[in-house]
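J.: Hey, dropping protein20.csv in here, CSV, C-alpha atoms:
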chain,number,residue,atom,x,y,z
A,1,MET,CA,109.8,0.5,124.4
A,2,ARG,CA,110.7,1.3,120.9
A,3,ILE,CA,107.1,2.1,120.0
A,4,LYS,CA,106.9,4.6,122.9
A,5,ASN,CA,110.0,6.4,121.6
A,6,ILE,CA,108.6,6.6,118.1
A,7,THR,CA,105.3,8.0,119.5
A,8,ALA,CA,107.1,10.7,121.6
A,9,VAL,CA,109.1,11.8,118.6
A,10,ALA,CA,106.0,12.1,116.4
A,11,LEU,CA,104.3,14.1,119.1
A,12,ILE,CA,107.2,16.6,119.2
A,13,PHE,CA,107.0,17.1,115.4
A,14,VAL,CA,103.2,17.7,115.6
A,15,LEU,CA,103.7,20.3,118.3
A,16,LEU,CA,106.4,22.1,116.3
A,17,GLY,CA,104.2,22.2,113.2
A,18,LEU,CA,101.3,23.7,115.2
A,19,SER,CA,103.6,26.4,116.6
A,20,ALA,CA,104.8,27.3,113.1
A,21,CYS,CA,101.2,27.8,111.9
A,22,SER,CA,100.1,30.1,114.8
A,23,PRO,CA,99.7,33.9,114.0
A,24,GLN,CA,102.6,36.3,114.8
A,25,ALA,CA,102.2,39.4,116.9
A,26,VAL,CA,101.7,42.7,114.9
A,27,THR,CA,102.8,46.1,116.2
A,28,GLN,CA,99.8,48.6,116.0
A,29,VAL,CA,100.4,52.4,115.4
A,30,ALA,CA,97.8,54.7,116.8
A,31,PRO,CA,96.2,56.7,114.0
A,32,SER,CA,96.8,60.0,115.8
A,33,SER,CA,100.5,59.5,115.5
A,34,VAL,CA,100.4,59.2,111.7
A,35,PRO,CA,100.3,62.4,109.5
A,36,GLY,CA,96.8,63.0,108.0
A,37,SER,CA,98.0,62.2,104.5
A,38,ILE,CA,99.2,58.8,105.6
A,39,ALA,CA,96.4,57.8,108.0
A,40,THR,CA,93.5,58.9,105.7
A,41,GLY,CA,95.0,59.3,102.3
A,42,VAL,CA,94.0,63.0,102.2
A,43,PRO,CA,96.5,65.8,102.5
A,44,ALA,CA,96.6,67.5,105.9
A,45,ALA,CA,94.4,70.6,106.0
A,46,THR,CA,96.1,74.0,105.6
A,47,ALA,CA,94.6,77.4,106.2
A,48,ALA,CA,93.7,79.1,102.8
A,49,PRO,CA,95.0,82.7,102.5
A,50,ALA,CA,92.2,85.3,103.0
A,51,SER,CA,91.5,87.7,100.2
A,52,LEU,CA,90.1,91.2,100.6
A,53,THR,CA,88.7,93.1,97.5
A,54,VAL,CA,88.7,96.9,97.7
A,55,MET,CA,86.7,99.0,95.2
A,56,ALA,CA,88.2,102.5,95.2
A,57,ALA,CA,88.0,105.7,93.2
A,58,ALA,CA,90.8,106.0,90.7
A,59,SER,CA,92.3,109.0,92.5
A,60,LEU,CA,93.0,106.7,95.4
A,61,THR,CA,95.3,104.5,93.4
A,62,GLU,CA,98.7,105.5,94.9
A,63,SER,CA,97.5,106.0,98.5
A,64,PHE,CA,95.4,102.9,98.8
A,65,THR,CA,98.1,100.8,97.1
A,66,GLU,CA,100.5,101.8,99.9
A,67,LEU,CA,97.8,101.2,102.6
A,68,GLY,CA,97.1,97.7,101.1
A,69,THR,CA,100.8,96.8,101.5
A,70,MET,CA,100.7,98.1,105.1
A,71,PHE,CA,97.5,96.1,105.8
A,72,GLU,CA,99.0,92.9,104.4
A,73,ALA,CA,102.1,93.3,106.7
A,74,GLN,CA,99.8,93.8,109.7
A,75,HIS,CA,97.7,90.7,108.7
A,76,PRO,CA,100.0,87.9,107.5
A,77,GLY,CA,98.2,85.6,105.0
A,78,VAL,CA,95.8,88.3,103.8
A,79,LYS,CA,96.0,89.4,100.2
A,80,VAL,CA,94.4,92.8,99.3
A,81,SER,CA,93.2,93.2,95.7
A,82,PHE,CA,92.1,96.5,94.3
A,83,ASN,CA,89.6,97.6,91.7
A,84,PHE,CA,90.4,101.2,90.8
A,85,ALA,CA,88.0,103.1,88.5
A,86,GLY,CA,85.6,106.0,88.3
A,87,SER,CA,83.3,106.1,91.3
A,88,GLN,CA,80.3,105.9,89.0
A,89,THR,CA,81.7,102.7,87.4
A,90,LEU,CA,82.3,101.1,90.7
A,91,ALA,CA,78.8,102.0,92.0
A,92,GLU,CA,77.3,100.4,88.9
A,93,GLN,CA,79.3,97.3,89.4
A,94,LEU,CA,78.1,97.0,93.0
A,95,ASN,CA,74.5,97.6,91.8
A,96,GLN,CA,75.0,94.6,89.4
A,97,GLY,CA,76.2,92.4,92.2
A,98,ALA,CA,79.9,92.4,91.8
A,99,PRO,CA,81.6,90.9,94.8
A,100,ALA,CA,83.6,93.2,97.0
A,101,ASP,CA,84.5,93.9,100.7
A,102,ILE,CA,85.0,97.6,100.8
A,103,PHE,CA,83.9,100.6,98.7
A,104,ALA,CA,85.7,104.0,98.8
A,105,SER,CA,84.1,106.7,96.6
A,106,ALA,CA,85.2,110.2,95.5
A,107,SER,CA,81.6,111.4,95.9
A,108,LYS,CA,78.8,111.0,98.4
A,109,LYS,CA,76.4,110.6,95.4
A,110,TYR,CA,77.8,107.2,94.4
A,111,MET,CA,78.1,106.0,98.0
A,112,ASP,CA,74.4,106.8,98.3
A,113,ALA,CA,73.8,104.8,95.2
A,114,ALA,CA,75.5,101.8,96.8
A,115,VAL,CA,73.3,102.2,99.9
A,116,THR,CA,70.2,102.4,97.8
A,117,ALA,CA,71.2,99.2,96.0
A,118,GLY,CA,71.5,97.5,99.4
A,119,ARG,CA,75.2,96.8,99.0
A,120,VAL,CA,76.2,99.2,101.8
A,121,ALA,CA,74.4,99.7,105.1
A,122,ALA,CA,72.9,103.2,105.5
A,123,ASP,CA,74.9,103.9,108.7
A,124,ALA,CA,78.2,102.5,107.5
A,125,PRO,CA,79.8,105.3,105.3
A,126,GLN,CA,82.4,107.6,106.9
A,127,VAL,CA,84.1,110.5,105.2
A,128,PHE,CA,87.9,109.9,105.5
A,129,VAL,CA,89.5,112.6,103.4
A,130,GLU,CA,88.8,115.6,101.2
A,131,ASN,CA,90.3,116.7,97.9
A,132,ARG,CA,90.3,119.8,95.6
A,133,LEU,CA,90.7,120.7,92.0
A,134,VAL,CA,93.7,122.0,90.1
A,135,VAL,CA,94.5,122.7,86.4
A,136,ILE,CA,97.4,120.7,85.0
A,137,PHE,CA,99.3,121.2,81.7
A,138,PRO,CA,102.5,119.9,80.1
A,139,LYS,CA,105.7,121.5,81.4
A,140,ASP,CA,106.5,122.9,78.0
A,141,ASN,CA,103.1,124.7,78.2
A,142,PRO,CA,102.0,124.4,74.5
A,143,GLY,CA,98.8,126.3,75.3
A,144,LYS,CA,100.7,129.2,76.8
A,145,LEU,CA,98.6,129.1,80.0
A,146,ALA,CA,99.2,131.9,82.5
A,147,ALA,CA,95.8,132.3,84.1
A,148,LEU,CA,92.5,130.5,84.4
A,149,THR,CA,91.0,132.8,81.9
A,150,ASP,CA,93.3,131.3,79.3
A,151,LEU,CA,91.3,128.1,79.3
A,152,ALA,CA,88.8,130.0,77.1
A,153,ASN,CA,91.4,130.9,74.5
A,154,PRO,CA,90.4,129.7,71.0
A,155,GLY,CA,92.2,126.6,69.8
A,156,LEU,CA,93.3,125.4,73.3
A,157,LYS,CA,92.9,121.6,73.7
A,158,LEU,CA,91.3,120.8,77.0
A,159,VAL,CA,90.6,117.4,78.6
A,160,LEU,CA,88.0,116.9,81.3
A,161,ALA,CA,86.5,113.8,83.0
A,162,ALA,CA,83.0,113.0,81.9
A,163,GLU,CA,80.2,114.6,83.8
A,164,SER,CA,79.2,111.3,85.4
A,165,VAL,CA,82.7,111.1,87.0
A,166,PRO,CA,82.9,113.0,90.3
A,167,VAL,CA,85.9,115.1,89.2
A,168,GLY,CA,84.1,115.9,85.9
A,169,GLN,CA,81.1,117.2,87.8
A,170,TYR,CA,83.3,119.2,90.1
A,171,SER,CA,85.0,120.7,87.0
A,172,LEU,CA,81.6,121.9,85.7
A,173,THR,CA,80.8,123.3,89.0
A,174,PHE,CA,84.0,125.4,88.9
A,175,LEU,CA,83.0,126.7,85.5
A,176,GLU,CA,79.5,127.6,86.7
A,177,LYS,CA,81.0,129.5,89.7
A,178,THR,CA,83.0,131.8,87.3
A,179,SER,CA,79.7,133.4,86.1
A,180,ALA,CA,79.6,135.2,89.4
A,181,ASP,CA,83.2,136.4,89.2
A,182,ALA,CA,83.9,139.7,87.5
A,183,ALA,CA,87.3,138.4,86.4
A,184,PHE,CA,85.6,136.1,83.9
A,185,SER,CA,83.4,136.9,81.0
A,186,PRO,CA,79.7,135.8,80.9
A,187,GLN,CA,80.7,133.5,78.0
A,188,TYR,CA,83.6,131.9,79.8
A,189,LYS,CA,82.0,128.6,80.6
A,190,ASP,CA,80.7,128.1,77.1
A,191,GLN,CA,84.1,129.1,75.5
A,192,VAL,CA,86.0,126.7,77.8
A,193,LEU,CA,83.6,123.8,77.0
A,194,LYS,CA,84.1,124.4,73.2
A,195,ASN,CA,87.8,123.7,73.8
A,196,VAL,CA,87.2,120.2,75.2
A,197,VAL,CA,88.7,117.6,72.9
A,198,SER,CA,88.1,114.5,75.2
A,199,TYR,CA,85.9,113.5,78.1
A,200,GLU,CA,87.6,110.7,80.1
A,201,ASP,CA,86.0,107.8,82.2
A,202,ASN,CA,88.1,108.7,85.3
A,203,VAL,CA,90.6,111.2,86.5
A,204,LYS,CA,93.6,109.1,85.6
A,205,GLY,CA,92.6,109.2,82.0
A,206,VAL,CA,92.8,113.0,82.1
A,207,VAL,CA,96.3,112.8,83.7
A,208,THR,CA,97.5,110.4,81.1
A,209,LYS,CA,96.3,112.6,78.2
A,210,ILE,CA,98.3,115.5,79.6
A,211,THR,CA,101.5,113.6,80.5
A,212,LEU,CA,101.5,112.2,76.9
A,213,GLY,CA,101.2,115.7,75.5
A,214,GLU,CA,97.9,114.9,73.8
A,215,ALA,CA,96.2,118.1,75.1
A,216,ASP,CA,97.1,121.5,76.4
A,217,ALA,CA,95.4,121.3,79.8
A,218,GLY,CA,93.1,119.3,82.0
A,219,ILE,CA,91.3,119.6,85.4
A,220,VAL,CA,92.1,117.0,88.0
A,221,TYR,CA,92.5,116.6,91.8
A,222,VAL,CA,95.6,118.1,93.5
A,223,THR,CA,96.4,114.5,94.6
A,224,ASP,CA,97.0,113.5,90.9
A,225,PHE,CA,100.0,115.8,90.8
A,226,THR,CA,102.3,113.2,92.3
A,227,GLY,CA,104.9,110.6,91.2
A,228,SER,CA,105.8,110.5,87.5
A,229,ALA,CA,103.0,112.9,86.6
A,230,ALA,CA,104.7,115.6,88.7
A,231,GLU,CA,107.8,115.3,86.6
A,232,LYS,CA,105.9,116.0,83.4
A,233,VAL,CA,103.2,118.5,84.2
A,234,ALA,CA,102.8,121.9,85.9
A,235,THR,CA,99.8,123.3,87.7
A,236,LEU,CA,97.6,126.3,87.8
A,237,ALA,CA,95.7,126.8,91.1
A,238,ILE,CA,92.0,127.3,91.3
A,239,PRO,CA,91.1,129.7,94.2
A,240,ASP,CA,88.9,128.5,97.1
A,241,ALA,CA,86.0,130.7,96.0
A,242,LEU,CA,85.8,128.8,92.7
A,243,ASN,CA,87.0,125.4,93.8
A,244,THR,CA,85.0,122.4,95.0
A,245,ILE,CA,86.0,120.4,98.0
A,246,ALA,CA,85.4,116.7,97.2
A,247,THR,CA,84.5,114.5,100.2
A,248,TYR,CA,85.5,110.8,100.1
A,249,PRO,CA,83.3,108.3,102.0
A,250,ILE,CA,84.4,104.7,102.7
A,251,ALA,CA,82.4,101.7,104.0
A,252,PRO,CA,82.5,97.9,104.3
A,253,VAL,CA,80.2,96.2,101.8
A,254,ALA,CA,77.2,94.7,103.6
A,255,ASP,CA,77.6,91.2,102.2
A,256,SER,CA,81.4,91.0,102.4
A,257,LYS,CA,82.7,87.5,103.0
A,258,GLN,CA,85.4,89.0,105.2
A,259,PRO,CA,83.5,91.3,107.5
A,260,TYR,CA,86.2,91.4,110.2
A,261,LEU,CA,89.0,92.2,107.7
A,262,ALA,CA,86.8,94.7,105.9
A,263,ARG,CA,86.2,96.6,109.1
A,264,ALA,CA,89.9,96.4,110.0
A,265,PHE,CA,90.9,97.9,106.6
A,266,VAL,CA,88.4,100.8,107.1
A,267,ASP,CA,89.8,101.3,110.6
A,268,LEU,CA,93.4,101.5,109.2
A,269,VAL,CA,92.3,104.2,106.7
A,270,LEU,CA,90.7,106.2,109.5
A,271,SER,CA,93.6,105.7,111.9
A,272,ALA,CA,96.3,108.3,112.5
A,273,GLU,CA,98.7,106.0,110.6
A,274,GLY,CA,96.4,105.8,107.6
A,275,GLN,CA,95.7,109.5,107.6
A,276,GLN,CA,99.4,110.2,107.4
A,277,VAL,CA,99.6,108.1,104.3
A,278,MET,CA,96.7,110.0,102.8
A,279,ALA,CA,98.3,113.3,103.6
A,280,LYS,CA,101.5,112.1,102.0
A,281,TYR,CA,99.6,112.0,98.7
A,282,GLY,CA,98.1,115.4,99.1
A,283,PHE,CA,94.7,114.6,100.5
A,284,LEU,CA,93.1,117.0,103.0
A,285,PRO,CA,91.9,115.9,106.5
A,286,VAL,CA,88.2,116.0,107.1
A,287,ARG,CA,87.1,119.3,108.4
For this file, produce the structure as C-alpha cells.

T.:
Amino acid sequence: MRIKNITAVALIFVLLGLSACSPQAVTQVAPSSVPGSIATGVPAATAAPASLTVMAAASLTESFTELGTMFEAQHPGVKVSFNFAGSQTLAEQLNQGAPADIFASASKKYMDAAVTAGRVAADAPQVFVENRLVVIFPKDNPGKLAALTDLANPGLKLVLAAESVPVGQYSLTFLEKTSADAAFSPQYKDQVLKNVVSYEDNVKGVVTKITLGEADAGIVYVTDFTGSAAEKVATLAIPDALNTIATYPIAPVADSKQPYLARAFVDLVLSAEGQQVMAKYGFLPVR
C-alpha cells in the first residue's frame, strides 16, 4: 500500500513537470492593423508634392507670379516655379532640352522656335494677351525729354533691349516706322541709335538701368510701368501708328511630366479670372 502511494505521488510530479514545459498561447496581431513603419520597417508612403515649372518672358514676372500663387491655392500640394528671362533665352534653353511644363513667350517667333525644336506641339500655342511700347525716363528727367524727337538729341543716354529680345526688335521697328512720318527727320533712326549706351538681355534690364538713373531714357512695354518702377520713372507715349502690338503665345511643353497641371495652368491664364490679373498689370486683351 505504501508503494502504491509513492507511485501515485511520483506520477503527479511527472504530470506537473510536463505541463510546465508545454508552449504558452501567443496573441497574434494582424499585419493590416499595424502601421506600415512597424509592420514592414519602411515608413508609410506619403504623396510627394507636385512641381510645375513655367518658363515665361521677363515682362510677365509680376502678373505670372500672382497667377502662380492663385494656382497653388486652387491646387493644394502643387508648387509653381518660374524661370523668367528674355524669350530668346528661354527658347534656347528649351532647344537644349531644359525641363519645363509651360512656355509663355513675348513673341510668336520664339514660340515657333520651340515648336521647330519639338518641345511644343504645333497646334498647342494660344495667344493670351497683347502689349505695346512706351518710352520711360527718370522722374527728374535728366535728358529733358518732351517729345519722341528728343530721343535723337546729341548726348542723350538711351538704353534698349538687344535686337534678339522681342522688345528690342519691336523698338527697332518703331524707329523704322518714323522714316515714313514727316515729324521725324530722315536721319532720326541713326541719330537715336548713336545714343544707345547699353543693350540689355531682357526688358527688366532696361527698366533697372532707368530706375537706377544710369541712363536718360529706355523703351519698354507699358506693363513695365508698374510697382516700384512707376514710383521712379515717367513715360512718353508712342502713338499707335508708330507702335508695335506684341502678341504673347502660351503652350504646355510637349514632354511635360505634369501634363494635366500644365493644361490647368494654361486654362487659368486664359480664363476670365486670369485675364483680369493680366489686365491689372496693363496687358491688353487679344483682339

J.: Can you pull out every residue within 9 Å of Asp112 of chain A, counting only C-alpha atoms, but drop anything in the same chain fewer than 6 positions away, and send it as a PDB file with C-alpha atoms, in the coordinates of the input?

T.:
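File written: around_29.pdb
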ATOM      1  CA  VAL A 120      76.200  99.200 101.800  1.00  0.00           C
ATOM      2  CA  ALA A 122      72.900 103.200 105.500  1.00  0.00           C
ATOM      3  CA  PRO A 125      79.800 105.300 105.300  1.00  0.00           C
TER       4      PRO A 125
END

J.: Within 6 Å of (91.7, 120.4, 96.0) in the file's own coordinates, which protein, DNA or RNA residues have an atom, counting all atoms listed in the file? List them as a list in words.

T.: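 Here the neighbourhood of the point contains Asn131, Arg132, Leu133, Tyr221 and Val222 of chain A.
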
J.: Considering all atoms listed in the file, tabulate each residue of segment 99-133 of chain A that lies at most 9 Å from segment 262-273 of chain A along with its nearest interatomic pair and the corresponding distance in Å to one decimal; arrange the rows by chain and ascending residue number and present them as JSON lines.

T.:
{"residue": "A:Asp101", "atom": "CA", "partner": "A:Ala262", "partner_atom": "CA", "distance": 5.7}
{"residue": "A:Ile102", "atom": "CA", "partner": "A:Ala262", "partner_atom": "CA", "distance": 6.1}
{"residue": "A:Gln126", "atom": "CA", "partner": "A:Leu270", "partner_atom": "CA", "distance": 8.8}
{"residue": "A:Val127", "atom": "CA", "partner": "A:Leu270", "partner_atom": "CA", "distance": 9.0}
{"residue": "A:Phe128", "atom": "CA", "partner": "A:Leu270", "partner_atom": "CA", "distance": 6.1}
{"residue": "A:Val129", "atom": "CA", "partner": "A:Leu270", "partner_atom": "CA", "distance": 8.9}

J.: Just the residues within 6 Å of segment 202-212 of chain A, please, counting all atoms listed in the file, with nothing from its chain fewer than 4 positions along; format it as a ChimeraX atom specification.

T.: /A:86,161,232

J.: Atom CA of Val167 of chain A and atom CA of Gly213 of chain A are how many Å apart?

T.: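 Computing it gives 20.5 Å between the two atoms.
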
J.: Please determine, counting all atoms listed in the file, which residue among A:Val277, A:Leu261, A:Ala246, A:Ala254 has the shortest atom-to-atom distance to Val115 of chain A.

T.: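 Ranked by minimum distance to Val115 of chain A, first place goes to A:Ala254.
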
J.: For a quick check of understanding, using all atoms listed in the file, which of A:Gln74, A:Phe184, A:Val253, A:Tyr281 has the smallest distance to Ala117 of chain A?

T.: A:Val253

J.: Excluding same-chain residues fewer than 2 positions from Thr61 of chain A, what lies within 12 Å of it counting only C-alpha atoms, as a ChimeraX atom specification?

T.: /A:54-59,63-68,81-86,104-106,202-204,223-224,226-227,278,281

J.: How many Å lie between atom CA of Pro252 of chain A and atom CA of Ala162 of chain A, rounded to one decimal?

T.: 27.0 Å

J.: What is the distance, in Å and to one decimal place, between atom CA of Lys139 of chain A and atom CA of Val233 of chain A?

T.: 4.8 Å

J.: To box segment 121-128 of chain A, take all atoms listed in the file, fit an axis-aligned box, add 6 Å on each side, and give centre and edge lengths in Å to one decimal, as lines of an AutoDock Vina configuration file.

T.:
center_x = 80.4
center_y = 105.1
center_z = 106.9
size_x = 27.0
size_y = 22.8
size_z = 15.6

J.: Would you kindly return, as a ChimeraX atom specification, each protein, DNA or RNA residue with an atom no farther than 10 Å from any atom of Ala237 of chain A, considering only C-alpha atoms and excluding same-chain residues fewer than 3 positions away?

T.: /A:132-136,147-148,222,240,243
